[in-house]
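Read through the structure below, which is laid out as structure tokens, and then see the notes.
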Amino acid sequence: MLTKDKILGCYWGLALGDALGMPVEFHSIEAIRDIYGEDGILNPEKNAIWTDDTEMTIAVTNSLLRLGEVKQIKDLIDDTIGRNFAEEFINWLNNPGYSPGRTTTHAVNFLKVNGAKKWKLSGVNDSKGCGTVMRAAPLGIWFANSLTPELPLIDGPHHKLLFNVSMIQSEITHGHKAATAAALAGSYAVALAINGMHPDKMINPIEKYCNHLHSDFENAMQRLKTSLTQRKGGAFGSDLEALTYIGQGWVGEEAFAMALYSAIQYANDLKSCLRVSVNHDGDSDSVACIAGSILGAFYGTSIIPKDWIDCLAEKERMEMFLSKVIEFF
Ligand SMILES: [Mg+2]
């Protein structure tokens, strides 16, 4: 059941993960340890900034605010939905955030030159970068009350609608089906979390919903399961080893699987979850932003560390944005 508290938890968790990972996004674990010590980066820096992940999440949210609630979205044609996302992505170019992804920037520049009506052509590429899953959380919020986590209903009308809208939001910038699968998984995980499903119960429904889109996604989920088992059994001596086995997170399916690993391992402690999510060789801010969105959606604001929120340079801007979202619901 969607509540204001879970909406706030989801967005703050996402922004905090993004801001914690920002300074180390392009650092190897060795470089991170050289700067921050053996345990890596543990807290956001003073006046921490978030990156393109949070800015694009805001853009997706702004699109959904314009499209309306699910009961209105279900009556819209694909072209209306696609143009709407495209228009907000073009607006995003004015303030893309730190280090926007190359594929996304290229696709949105295409839209800026050719117009939002060309949204079916902007993402014609073979990229499965994590740019589409890192911005996927708002769709989970929008659809949470329309979905039930029970598996027999996975083919229900709203599951099909989420599938379709998610595909549109993803394929505007990324053409690879593994990116589509990851974006769908990112949205669905947030919806499941809002409906009270603990992260350690999510693997099965997510596989049933998303695996068929591409074997790369299916394989990443398989590595996630192996990592959890091997870590529990002691074959992997650290979370870093387990995460490294899954991948680096530059591509969508790895970013999602690494985020879900972190959320499962540290389900009741957001700080620990985000610290694990950022201290590795790969895409720190994106893995942590996805993990933060899932845990924040599950627990609401009770899991959000206030001292970390106070570190955010644009805390007030996020508060103003969130009051707009809350007012909508
Ligand atoms: Mg980023």
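Residue numbering restarts at 1 in every chain; chains get A, B, ... in the order shown in the structure tokens, and ligands count up from 1 in that same order.
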
Query raised in the report: Given a cut-off of 6 Å, what residues near ligand 1 show up using only C-alpha atoms and all ligand atoms, put as a list in words?
Result: Thr51, Asp52, Asp53, Asp285 and Ser286 of chain A

Report task. Check range 148-207 of chain A with DSSP on the backbone and list each residue it calls helix (DSSP H, G or I), as JSON, numbers by chain. Result -> {"A": [151, 152, 153, 154, 155, 157, 158, 159, 160, 161, 162, 163, 164, 165, 166, 167, 168, 169, 170, 171, 177, 178, 179, 180, 181, 182, 183, 184, 185, 186, 187, 188, 189, 190, 191, 192, 193, 194, 199, 200, 201, 203, 204, 205, 206, 207]}

Any chance you can output those residues with N, CA and C atoms as a compact mmCIF listing (two decimals), in the first residue's frame?
```
# COMPACT_ATOMS: atom_id res chain seq x y z
N LEU A 151 2.06 -13.96 -7.51
CA LEU A 151 2.55 -14.37 -8.83
C LEU A 151 1.46 -14.65 -9.86
N PRO A 152 0.32 -15.27 -9.48
CA PRO A 152 -0.66 -15.57 -10.53
C PRO A 152 -1.17 -14.32 -11.24
N LEU A 153 -1.01 -13.17 -10.60
CA LEU A 153 -1.53 -11.94 -11.20
C LEU A 153 -0.48 -11.23 -12.04
N ILE A 154 0.65 -11.87 -12.25
CA ILE A 154 1.73 -11.20 -12.95
C ILE A 154 1.32 -10.80 -14.37
N ASP A 155 0.34 -11.50 -14.92
CA ASP A 155 -0.12 -11.15 -16.27
C ASP A 155 -1.36 -10.28 -16.24
N PRO A 157 -3.78 -6.90 -16.03
CA PRO A 157 -3.73 -5.74 -16.94
C PRO A 157 -2.74 -4.67 -16.49
N HIS A 158 -2.60 -4.46 -15.19
CA HIS A 158 -1.69 -3.41 -14.77
C HIS A 158 -0.23 -3.84 -14.84
N HIS A 159 0.02 -5.15 -14.72
CA HIS A 159 1.38 -5.64 -14.97
C HIS A 159 1.76 -5.39 -16.43
N LYS A 160 0.79 -5.61 -17.32
CA LYS A 160 1.06 -5.37 -18.76
C LYS A 160 1.28 -3.89 -19.02
N LEU A 161 0.51 -3.06 -18.33
CA LEU A 161 0.65 -1.61 -18.52
C LEU A 161 2.00 -1.12 -17.99
N LEU A 162 2.39 -1.58 -16.80
CA LEU A 162 3.71 -1.19 -16.27
C LEU A 162 4.80 -1.65 -17.24
N PHE A 163 4.65 -2.86 -17.74
CA PHE A 163 5.61 -3.40 -18.69
C PHE A 163 5.75 -2.46 -19.89
N ASN A 164 4.64 -2.02 -20.42
CA ASN A 164 4.65 -1.18 -21.61
C ASN A 164 5.23 0.22 -21.32
N VAL A 165 4.79 0.84 -20.24
CA VAL A 165 5.26 2.20 -19.93
C VAL A 165 6.75 2.16 -19.59
N SER A 166 7.15 1.12 -18.88
CA SER A 166 8.56 0.95 -18.52
C SER A 166 9.42 0.77 -19.77
N MET A 167 8.91 0.00 -20.72
CA MET A 167 9.64 -0.23 -21.97
C MET A 167 9.81 1.10 -22.72
N ILE A 168 8.76 1.90 -22.73
CA ILE A 168 8.85 3.20 -23.42
C ILE A 168 9.90 4.08 -22.74
N GLN A 169 9.83 4.20 -21.41
CA GLN A 169 10.77 5.09 -20.72
C GLN A 169 12.22 4.63 -20.93
N SER A 170 12.43 3.33 -21.02
CA SER A 170 13.78 2.79 -21.18
C SER A 170 14.28 2.95 -22.62
N GLU A 171 13.42 2.60 -23.57
CA GLU A 171 13.88 2.50 -24.96
C GLU A 171 13.97 3.86 -25.65
N LYS A 177 17.64 -4.96 -24.98
CA LYS A 177 16.55 -5.52 -24.16
C LYS A 177 16.99 -5.83 -22.73
N ALA A 178 18.28 -5.98 -22.49
CA ALA A 178 18.73 -6.18 -21.10
C ALA A 178 18.53 -4.90 -20.29
N ALA A 179 18.68 -3.74 -20.97
CA ALA A 179 18.39 -2.46 -20.30
C ALA A 179 16.90 -2.34 -20.01
N THR A 180 16.08 -2.80 -20.95
CA THR A 180 14.62 -2.79 -20.74
C THR A 180 14.27 -3.66 -19.54
N ALA A 181 14.87 -4.85 -19.48
CA ALA A 181 14.60 -5.77 -18.37
C ALA A 181 15.01 -5.17 -17.04
N ALA A 182 16.18 -4.53 -17.02
CA ALA A 182 16.68 -3.94 -15.78
C ALA A 182 15.78 -2.79 -15.32
N ALA A 183 15.35 -1.97 -16.28
CA ALA A 183 14.47 -0.84 -15.93
C ALA A 183 13.15 -1.36 -15.36
N LEU A 184 12.62 -2.39 -15.99
CA LEU A 184 11.37 -2.98 -15.49
C LEU A 184 11.58 -3.55 -14.08
N ALA A 185 12.70 -4.22 -13.89
CA ALA A 185 13.00 -4.80 -12.57
C ALA A 185 13.15 -3.71 -11.52
N GLY A 186 13.79 -2.61 -11.88
CA GLY A 186 13.97 -1.51 -10.92
C GLY A 186 12.63 -0.92 -10.48
N SER A 187 11.73 -0.75 -11.44
CA SER A 187 10.40 -0.22 -11.11
C SER A 187 9.61 -1.25 -10.28
N TYR A 188 9.66 -2.49 -10.73
CA TYR A 188 8.87 -3.54 -10.07
C TYR A 188 9.33 -3.77 -8.63
N ALA A 189 10.65 -3.73 -8.42
CA ALA A 189 11.19 -3.93 -7.07
C ALA A 189 10.66 -2.86 -6.11
N VAL A 190 10.59 -1.62 -6.59
CA VAL A 190 10.05 -0.53 -5.75
C VAL A 190 8.57 -0.78 -5.46
N ALA A 191 7.82 -1.21 -6.48
CA ALA A 191 6.39 -1.50 -6.26
C ALA A 191 6.21 -2.64 -5.26
N LEU A 192 7.02 -3.68 -5.39
CA LEU A 192 6.94 -4.80 -4.45
C LEU A 192 7.30 -4.36 -3.04
N ALA A 193 8.34 -3.54 -2.93
CA ALA A 193 8.77 -3.04 -1.60
C ALA A 193 7.65 -2.23 -0.96
N ILE A 194 7.01 -1.38 -1.75
CA ILE A 194 5.91 -0.56 -1.22
C ILE A 194 4.77 -1.47 -0.74
N PRO A 199 13.11 -7.44 0.54
CA PRO A 199 13.99 -7.66 -0.62
C PRO A 199 14.39 -9.13 -0.83
N ASP A 200 14.54 -9.90 0.25
CA ASP A 200 14.99 -11.29 0.05
C ASP A 200 13.90 -12.20 -0.54
N LYS A 201 12.70 -11.66 -0.70
CA LYS A 201 11.62 -12.43 -1.35
C LYS A 201 11.41 -12.00 -2.81
N ILE A 203 13.47 -11.97 -5.56
CA ILE A 203 14.18 -12.54 -6.71
C ILE A 203 13.24 -13.33 -7.63
N ASN A 204 12.45 -14.21 -7.01
CA ASN A 204 11.58 -15.06 -7.80
C ASN A 204 10.55 -14.27 -8.64
N PRO A 205 9.77 -13.36 -8.02
CA PRO A 205 8.82 -12.61 -8.86
C PRO A 205 9.49 -11.74 -9.92
N ILE A 206 10.64 -11.18 -9.60
CA ILE A 206 11.32 -10.35 -10.60
C ILE A 206 11.80 -11.21 -11.77
N GLU A 207 12.32 -12.39 -11.46
CA GLU A 207 12.75 -13.27 -12.56
C GLU A 207 11.57 -13.65 -13.44
```

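The interatomic distance for the pair CA of Tyr266 in chain A and CA of Met56 in chain A works out to 25.9 Å.
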
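One distance worth recording is that between CA of Ala288 in chain A and CA of Gly97 in chain A, which is 16.3 Å.
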